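Taking it in order: structure first as structure tokens, then the write-up.
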Amino acid sequence: APLAVLAGRLAAGGEPRARRQTLALLLLVLSFAAAFFAWRHTLPGDESPWTLGSLPPYERVEPLVRAFFTSAFAALPALLLTLRSGFARNVSIWSGVTGLGAAALGAVTILRGGPGPQTLFLGNSLTRVGAVADTLFGRPVLFPAWAWGAMTLAALAAGILLAMLLAASVERVLRTRPVRRAPAISPRAVVGGAYAMLTVALLVVRSSSGGALLFDRYLWGIQLFLLVLLLSPVSAARRPQRWAALACAAALAVISLVIVLEEHTSSVARWSAGQAAVAAGSPARTVDAGFEWMGWHYDGVVGSFAGEPRWRRPASWYNVLKFPALANCTVMAYAPRREPWLQTVQVRSYRAFGLWGRRQVYVYRNRPAC
């Protein structure tokens with residue numbers, strides 16, 4: 001973001017001395033960011049997201065495909081407003097081929113994903129079980145099959161539409177006759193474009209390295225830029241377009257509200273269960289009430305531990321990989337567990353979504369870890 005702002009300042013023009021100072025500051029910020037990044041990944045326990053992994057080629061590209069369709073899904077109301085009258089009749093061969101390619105990529109990604117919590121979405125903030133699908137064992141399904149299927153199809157259609165619009169824009173630029181003096185680009189456009197291109201480039205490098213995950217929360221800045229890009233040339237849309245866009249915006253608002261309410265209530269429930277376990281005599285460092293709980297009570301180097309790990313099965317991924325020095329004497333789940341050595345301590349009930357429905361948090365004593 002600072003680099004994009006400085007690029008916009010350069011595009012604004014001004015005196016040569018001021019431009020040189022801005023350029024020097026841009027290079028200084030870039031050098032500092034690179035140095036800080038390199039230093040950060042020398043710390044103990046750090047996992048560099050740029051480490052080359054052993055993933056097959058398509059699995060390195062697949063997160064980028066999901067990122068594209070996730071961004072298109074978020075921008076679906078704006079996409080509907082950009083459609084012009086007779087859009088389907090005026091689709092060029094290039095735009096049609098691009099749309100078919102996007103449809104094929106989306107279909108392959110859906111088929112490869114199977115019945116999991118992500119399908120065509122990148123995951124983390126938006127999954128079928130809500131935000132952060134693997135917080136605790138047994139996270140209940142949030143969206144029924146029909147709703148999740150409709151959301152997936154909407155994302156597929158949005159991705160096809162976005163691919164066709166982008167192809168049409170590129171085709172229009174290539175067919176435009178060059179002029180002797182190109183129109184000046186506003187500094188605001190430079191800031192937005194520079195930020196989007198830098199972010200996309202970093203995500204492409206991160207994904208293609210095969211050594212790190214991509215999450216949908218990384219796309220929020222790009223999605224805002226995409227909305228601005230789509231809505232800026234929109235003139236008065238037809239009434240059917242406005243109603244369709246309004247319906248999509250309302251659906252996205254409902255989806256967001258459901259996810260936020262469920263995440264809030266379930267997080268409060270497991271954190272309260274952790275506090276109750278501590279009040280009953282369990283040390284906080286031996287309670288697994290979720291990623292944040294263990295991270296808050298961990299005083300070692302995250303991801304680095306030279307001694308014997310204190311966790312015992314069943315252990316969460318973050319207990320194994322991030323906080324191995326913490327014991328999981330008290331474990332929790334959103335669904336009953338079947339391990340015979342687990343002793344049920346308590347079943348706590350909470351009201352899902354804050355308004356209706358009740359769900360449970362199961363608290364167990366993991367005797368081998370105590």
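Letters for chains follow the order of the structure tokens (A, B, ...), residue numbers begin at 1 for each chain, and ligand numbers begin at 1 in the order shown.
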Residues of range 253-339 of chain A within 6 Å of range 350-370 of chain A: nearest atom pair and distance (Å, one decimal) for each, counting only C-alpha atoms, sorted by chain and number, as JSON lines?
{"residue": "A:Leu261", "atom": "CA", "partner": "A:Phe353", "partner_atom": "CA", "distance": 4.7}
{"residue": "A:Glu262", "atom": "CA", "partner": "A:Phe353", "partner_atom": "CA", "distance": 4.8}
{"residue": "A:Arg312", "atom": "CA", "partner": "A:Ala369", "partner_atom": "CA", "distance": 5.4}
{"residue": "A:Ala327", "atom": "CA", "partner": "A:Ala369", "partner_atom": "CA", "distance": 5.9}
{"residue": "A:Asn328", "atom": "CA", "partner": "A:Ala369", "partner_atom": "CA", "distance": 5.9}
{"residue": "A:Cys329", "atom": "CA", "partner": "A:Cys370", "partner_atom": "CA", "distance": 4.7}
{"residue": "A:Thr330", "atom": "CA", "partner": "A:Arg365", "partner_atom": "CA", "distance": 4.8}
{"residue": "A:Val331", "atom": "CA", "partner": "A:Tyr364", "partner_atom": "CA", "distance": 5.3}
{"residue": "A:Met332", "atom": "CA", "partner": "A:Val363", "partner_atom": "CA", "distance": 4.6}
{"residue": "A:Ala333", "atom": "CA", "partner": "A:Tyr362", "partner_atom": "CA", "distance": 5.2}
{"residue": "A:Tyr334", "atom": "CA", "partner": "A:Val361", "partner_atom": "CA", "distance": 4.8}
Review point. Between A:Arg348, A:Arg338, A:His41, A:Arg188, which is the closest to Trp271 in chain A once you count only C-alpha atoms?
Key: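 When distances to Trp271 in chain A are compared using only C-alpha atoms, the smallest one comes from A:Arg348.
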**Study point:** Nearby residues (only C-alpha atoms) at most 12 Å from Met164 in chain A, same-chain spacing under 5 positions excluded, as a list in words
**Key:**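 Contacts, in chain order: Ala72, Leu79, Thr82, Leu83, Phe87, Ala88, Asn90, Val91, Ser92, Ile93, Trp94, Ser95, Gly96, Val97, Thr98, Gly99, Leu100, Gly101, Ala102, Ala103, Ala157, Ala158, Gly159, Ser169, Val170 and Glu171 of chain A.
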Practice item. Step one, run DSSP on the backbone; step two, keep only residues of range 143-354 of chain A assigned to alpha helix (DSSP H); then write them as a PyMOL selection string. Key: chain A and resi 145-175+187-209+220-231+239-279+291-296+317-321
Practice item. Go through A:Leu81, A:Ala306, A:Ala269, A:Val5 one by one, measure the shortest atom-to-atom distance of each to Gly193 in chain A using only C-alpha atoms, and give the residue with the smallest value. Key: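 Distance minimum relative to Gly193 in chain A lands on A:Val5.
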Check your understanding: If you count only C-alpha atoms, which residues fall within 8 Å of Leu142 in chain A, apart from same-chain ones fewer than 4 positions away, as a list in words?
Key ->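 So the residues in contact are Arg128, Val129 and Gly130 of chain A.
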Could you save the residues just selected, with C-alpha atoms, as a PDB file, in the first residue's frame?
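Listing of result-v4.pdb after writing:
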ATOM      1  CA  ARG A 128     -19.487 -24.378   4.235  1.00  0.00           C
ATOM      2  CA  VAL A 129     -19.000 -24.583   8.012  1.00  0.00           C
ATOM      3  CA  GLY A 130     -18.347 -20.874   8.460  1.00  0.00           C
TER       4      GLY A 130
END
Review point. With only C-alpha atoms as the basis for distance, which of A:Leu43, A:Leu161, A:Val190, A:Val65 is at the shortest distance from Leu6 in chain A?
Key: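 Among the listed residues, A:Val190 lies closest to Leu6 in chain A.
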Practice item. Considering only C-alpha atoms, state which residue in the set A:Glu62, A:Val301, A:Leu76, A:Leu28 is at the smallest distance from Ala244 in chain A. Key: A:Leu76
Practice item. May I have the residues within 12 Å of Leu227 in chain A as number ranges by chain, using only C-alpha atoms and disregarding those fewer than 4 positions away in the same chain? Key: A: 71-82, 162, 192, 196, 220-223, 231-234
Review point. What are the DSSP strand (DSSP E) residues of range 165-333 of chain A, as JSON, numbers by chain?
Key: {"A": [287, 288, 330, 331, 332, 333]}
Please write the residues from the selection above to a file, keeping N, CA, C and O atoms, as an mmCIF file, in the first residue's frame.
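That gives us out_38.cif:
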data_model
loop_
_atom_site.group_PDB
_atom_site.id
_atom_site.type_symbol
_atom_site.label_atom_id
_atom_site.label_comp_id
_atom_site.auth_asym_id
_atom_site.auth_seq_id
_atom_site.Cartn_x
_atom_site.Cartn_y
_atom_site.Cartn_z
ATOM 1 N N VAL A 287 -5.132 -26.542 28.437
ATOM 2 C CA VAL A 287 -6.482 -26.506 27.868
ATOM 3 C C VAL A 287 -6.394 -26.133 26.394
ATOM 4 O O VAL A 287 -5.714 -25.170 26.032
ATOM 5 N N ASP A 288 -7.069 -26.898 25.556
ATOM 6 C CA ASP A 288 -7.180 -26.567 24.133
ATOM 7 C C ASP A 288 -8.595 -26.077 23.875
ATOM 8 O O ASP A 288 -9.520 -26.856 23.669
ATOM 9 N N THR A 330 -7.139 -30.968 28.555
ATOM 10 C CA THR A 330 -8.558 -30.679 28.345
ATOM 11 C C THR A 330 -8.756 -30.311 26.886
ATOM 12 O O THR A 330 -8.184 -29.329 26.406
ATOM 13 N N VAL A 331 -9.533 -31.096 26.179
ATOM 14 C CA VAL A 331 -9.793 -30.842 24.759
ATOM 15 C C VAL A 331 -11.283 -30.608 24.569
ATOM 16 O O VAL A 331 -12.109 -31.043 25.379
ATOM 17 N N MET A 332 -11.610 -29.907 23.491
ATOM 18 C CA MET A 332 -13.000 -29.551 23.215
ATOM 19 C C MET A 332 -13.341 -29.883 21.777
ATOM 20 O O MET A 332 -12.464 -29.989 20.923
ATOM 21 N N ALA A 333 -14.617 -30.043 21.515
ATOM 22 C CA ALA A 333 -15.087 -30.371 20.177
ATOM 23 C C ALA A 333 -16.518 -29.881 20.032
ATOM 24 O O ALA A 333 -17.243 -29.706 21.022
#
**Study point:** Pick from A:Val302, A:Ala163, A:Ala201, A:Leu126 nearest to Arg217 in chain A, counting only C-alpha atoms
**Key:**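 Closest to Arg217 in chain A of all the choices is A:Leu126.
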Check your understanding: What's the 12 Å shell around Pro309 in chain A, counting only C-alpha atoms, without same-chain residues fewer than 2 positions away, as number ranges by chain?
Key -> A: 303-307, 311-313, 315, 319-328, 369
Point to revise | Shell around Gly106 in chain A at 9 Å using only C-alpha atoms, local window under 6 positions removed, as JSON, numbers by chain | key: {"A": [65, 66, 69, 120, 155, 156, 159, 160]}
Residues of the last selection are to be written out with N, CA and C atoms, as a PDB file, in the first residue's frame.
ATOM      1  N   VAL A  65      -6.976 -20.086  -9.132  1.00  0.00           N
ATOM      2  CA  VAL A  65      -8.287 -20.254  -9.760  1.00  0.00           C
ATOM      3  C   VAL A  65      -9.391 -19.992  -8.744  1.00  0.00           C
ATOM      4  N   ARG A  66      -9.237 -20.564  -7.549  1.00  0.00           N
ATOM      5  CA  ARG A  66     -10.224 -20.331  -6.493  1.00  0.00           C
ATOM      6  C   ARG A  66     -10.268 -18.842  -6.111  1.00  0.00           C
ATOM      7  N   PHE A  69     -12.383 -16.937  -8.722  1.00  0.00           N
ATOM      8  CA  PHE A  69     -13.832 -17.138  -8.612  1.00  0.00           C
ATOM      9  C   PHE A  69     -14.367 -16.573  -7.299  1.00  0.00           C
ATOM     10  N   LEU A 120     -15.532 -24.214  -4.794  1.00  0.00           N
ATOM     11  CA  LEU A 120     -14.901 -23.246  -5.691  1.00  0.00           C
ATOM     12  C   LEU A 120     -14.322 -22.047  -4.950  1.00  0.00           C
ATOM     13  N   ALA A 155     -20.815 -18.433  -7.954  1.00  0.00           N
ATOM     14  CA  ALA A 155     -19.397 -18.099  -8.115  1.00  0.00           C
ATOM     15  C   ALA A 155     -18.889 -18.511  -9.486  1.00  0.00           C
ATOM     16  N   LEU A 156     -19.338 -19.672  -9.973  1.00  0.00           N
ATOM     17  CA  LEU A 156     -18.935 -20.115 -11.308  1.00  0.00           C
ATOM     18  C   LEU A 156     -19.440 -19.147 -12.375  1.00  0.00           C
ATOM     19  N   GLY A 159     -17.486 -15.877 -12.187  1.00  0.00           N
ATOM     20  CA  GLY A 159     -16.148 -15.994 -12.752  1.00  0.00           C
ATOM     21  C   GLY A 159     -16.164 -16.002 -14.271  1.00  0.00           C
ATOM     22  N   ILE A 160     -17.144 -16.698 -14.853  1.00  0.00           N
ATOM     23  CA  ILE A 160     -17.264 -16.707 -16.317  1.00  0.00           C
ATOM     24  C   ILE A 160     -17.550 -15.300 -16.834  1.00  0.00           C
TER      25      ILE A 160
END
